[in-house]
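**Q** Provided herewith is a single structure, encoded as structure tokens, for subsequent inquiry.
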Amino acid sequence: MDHGIPLRERLIDVGVELVLTEGTGALGLREIARRAGVSHGAPRRWFPTHHALLSAIAHRGFADLAGRFAAATAGTGAGSPREQVRALAGAYVGYALEHRGMFELMFRHDLLDSTGQQDTGQPRLRDSTQPLFRLLVSLVSRCREDGDGDAEVIAAALWAGLHGTAQLWGWGSLPLALGDGREELVGRIVDAVLDAHLGRAADA
């Protein structure tokens, strides 16, 4: 552990490593402090509550996911809105399966200070999540230029479908139900989720 790193960042670094390797159950305040090489009361200087520290850890996850979204949409070039949604969907489910512990933490709002009510001097977690959802809403709206339906509700339903796909595959439920654990099936399920909410692609 590099003790030249400021304590606040060191605590977050430890938390990120823990959640990536051992899951959300390992994110006890005492364990994070122990691995950071400080007393169990030291984190309170920077994080008034356990929720505030977990939120800072989740911020890292959302920053990583936002970077993947940017890379995915850049990879589509001047692709259609539908192609961009597919790229985002693949990045989202891929991140979930690659970083299951962090993915779980990011959406466990019972563990997080999502509204920034704790005075930590840091941006609210909501400010990290809303731009990603607004991007999806914008793309969904452009996919449905006929105005059929509420783009925000459709985007929320699409997100729920993708999130459920990621969780059920990660838990082994979908491979069990399908009798097939081949990873290429995940992409087909993602395509089916998009078809269900956006209609079939023009070239399908």
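Chain labels follow the order of the structure tokens: the first chain is A, the next B, and so on; residue numbering restarts at 1 in every chain, and ligands are counted from 1 in their shown order.
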Name the residues in contact with region 158-162 of chain A at a cut-off of 12 Å, using only C-alpha atoms, excluding same-chain residues fewer than 3 positions from it; report them as number ranges by chain.

**A** A: 85-86, 88-97, 107, 132-137, 139-140, 151-155, 165-169, 186-199

**Q** Give me the residues near Arg60 (chain A) as JSON, numbers by chain, where near means some atom within 10 Å (using only C-alpha atoms) and where sequence neighbours in that chain fewer than 6 positions away do not count.

**A** {"A": [12, 13, 16, 66, 102, 106, 128]}

**Q** Can you work out which one of A:Cys143, A:Leu54, A:Leu105, A:Ile5 has the shortest atom-to-atom distance to Gln84 (chain A), counting only C-alpha atoms?

**A** A:Cys143

**Q** Using only C-alpha atoms, determine which residues lie at most 12 Å from Val38 (chain A), disregarding the query and same-chain residues fewer than 5 positions distant; provide the list as a PDB file with N, CA, C and O atoms, in the first residue's frame.

**A**
ATOM      1  N   MET A   1       0.840  -1.197   0.000  1.00  0.00           N
ATOM      2  CA  MET A   1       0.000   0.000   0.000  1.00  0.00           C
ATOM      3  C   MET A   1       0.874   1.245   0.000  1.00  0.00           C
ATOM      4  O   MET A   1       1.786   1.363   0.820  1.00  0.00           O
ATOM      5  N   HIS A   3       1.613   4.649   1.045  1.00  0.00           N
ATOM      6  CA  HIS A   3       1.150   5.593   2.050  1.00  0.00           C
ATOM      7  C   HIS A   3       1.424   7.032   1.646  1.00  0.00           C
ATOM      8  O   HIS A   3       1.142   7.953   2.410  1.00  0.00           O
ATOM      9  N   LEU A   7      -5.004  10.013   2.429  1.00  0.00           N
ATOM     10  CA  LEU A   7      -5.789   8.995   3.103  1.00  0.00           C
ATOM     11  C   LEU A   7      -7.161   8.816   2.450  1.00  0.00           C
ATOM     12  O   LEU A   7      -7.628   7.686   2.282  1.00  0.00           O
ATOM     13  N   ARG A   8      -7.817   9.897   2.078  1.00  0.00           N
ATOM     14  CA  ARG A   8      -9.149   9.757   1.484  1.00  0.00           C
ATOM     15  C   ARG A   8      -9.101   8.856   0.259  1.00  0.00           C
ATOM     16  O   ARG A   8      -9.914   7.936   0.109  1.00  0.00           O
ATOM     17  N   ARG A  10      -6.756   6.735  -0.510  1.00  0.00           N
ATOM     18  CA  ARG A  10      -6.294   5.402  -0.138  1.00  0.00           C
ATOM     19  C   ARG A  10      -7.464   4.548   0.341  1.00  0.00           C
ATOM     20  O   ARG A  10      -7.571   3.368  -0.002  1.00  0.00           O
ATOM     21  N   LEU A  11      -8.358   5.143   1.117  1.00  0.00           N
ATOM     22  CA  LEU A  11      -9.525   4.411   1.601  1.00  0.00           C
ATOM     23  C   LEU A  11     -10.418   3.980   0.438  1.00  0.00           C
ATOM     24  O   LEU A  11     -10.916   2.856   0.415  1.00  0.00           O
ATOM     25  N   VAL A  14      -8.734   1.119  -1.505  1.00  0.00           N
ATOM     26  CA  VAL A  14      -8.887  -0.156  -0.802  1.00  0.00           C
ATOM     27  C   VAL A  14     -10.299  -0.693  -1.002  1.00  0.00           C
ATOM     28  O   VAL A  14     -10.506  -1.883  -1.262  1.00  0.00           O
ATOM     29  N   LEU A  29     -16.388  -1.134   7.349  1.00  0.00           N
ATOM     30  CA  LEU A  29     -15.550   0.034   7.616  1.00  0.00           C
ATOM     31  C   LEU A  29     -14.248  -0.365   8.295  1.00  0.00           C
ATOM     32  O   LEU A  29     -13.168   0.137   7.957  1.00  0.00           O
ATOM     33  N   ARG A  30     -14.319  -1.271   9.252  1.00  0.00           N
ATOM     34  CA  ARG A  30     -13.107  -1.709   9.962  1.00  0.00           C
ATOM     35  C   ARG A  30     -12.127  -2.407   9.019  1.00  0.00           C
ATOM     36  O   ARG A  30     -10.919  -2.211   9.112  1.00  0.00           O
ATOM     37  N   GLU A  31     -12.660  -3.231   8.110  1.00  0.00           N
ATOM     38  CA  GLU A  31     -11.778  -3.953   7.191  1.00  0.00           C
ATOM     39  C   GLU A  31     -11.111  -2.998   6.208  1.00  0.00           C
ATOM     40  O   GLU A  31      -9.915  -3.142   5.893  1.00  0.00           O
ATOM     41  N   ILE A  32     -11.856  -2.011   5.734  1.00  0.00           N
ATOM     42  CA  ILE A  32     -11.265  -1.029   4.833  1.00  0.00           C
ATOM     43  C   ILE A  32     -10.166  -0.258   5.558  1.00  0.00           C
ATOM     44  O   ILE A  32      -9.064  -0.058   5.016  1.00  0.00           O
ATOM     45  N   ALA A  33     -10.436   0.161   6.796  1.00  0.00           N
ATOM     46  CA  ALA A  33      -9.435   0.896   7.576  1.00  0.00           C
ATOM     47  C   ALA A  33      -8.204   0.026   7.831  1.00  0.00           C
ATOM     48  O   ALA A  33      -7.058   0.491   7.708  1.00  0.00           O
ATOM     49  N   PRO A  43     -11.282   6.792   9.145  1.00  0.00           N
ATOM     50  CA  PRO A  43     -12.095   7.175   7.979  1.00  0.00           C
ATOM     51  C   PRO A  43     -13.142   8.238   8.276  1.00  0.00           C
ATOM     52  O   PRO A  43     -13.579   8.954   7.368  1.00  0.00           O
ATOM     53  N   ARG A  44     -13.543   8.376   9.554  1.00  0.00           N
ATOM     54  CA  ARG A  44     -14.586   9.346   9.891  1.00  0.00           C
ATOM     55  C   ARG A  44     -14.158  10.777   9.591  1.00  0.00           C
ATOM     56  O   ARG A  44     -15.012  11.654   9.422  1.00  0.00           O
ATOM     57  N   ARG A  45     -12.876  11.001   9.516  1.00  0.00           N
ATOM     58  CA  ARG A  45     -12.401  12.347   9.210  1.00  0.00           C
ATOM     59  C   ARG A  45     -12.853  12.772   7.821  1.00  0.00           C
ATOM     60  O   ARG A  45     -13.137  13.950   7.574  1.00  0.00           O
TER      61      ARG A  45
END

**Q** For a test of reading the model, state the distance in Å between CA of Arg82 (chain A) and CA of Ala201 (chain A), rounded to one decimal.

**A**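 So the two atoms, CA of Arg82 (chain A) and CA of Ala201 (chain A), lie 7.6 Å apart.
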
**Q** Going by DSSP on the backbone, which bits of region 45-110 of chain A are alpha helix (DSSP H)? Write them as a ChimeraX atom specification, please.

**A** /A:50-74,81-98,100-106

**Q** With distances taken over only C-alpha atoms, which residue among A:Arg124, A:Glu104, A:Leu178, A:Ser138 lies nearest His163 (chain A)?

**A**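 Between A:Arg124, A:Glu104, A:Leu178, A:Ser138, the residue approaching His163 (chain A) most closely is A:Glu104.
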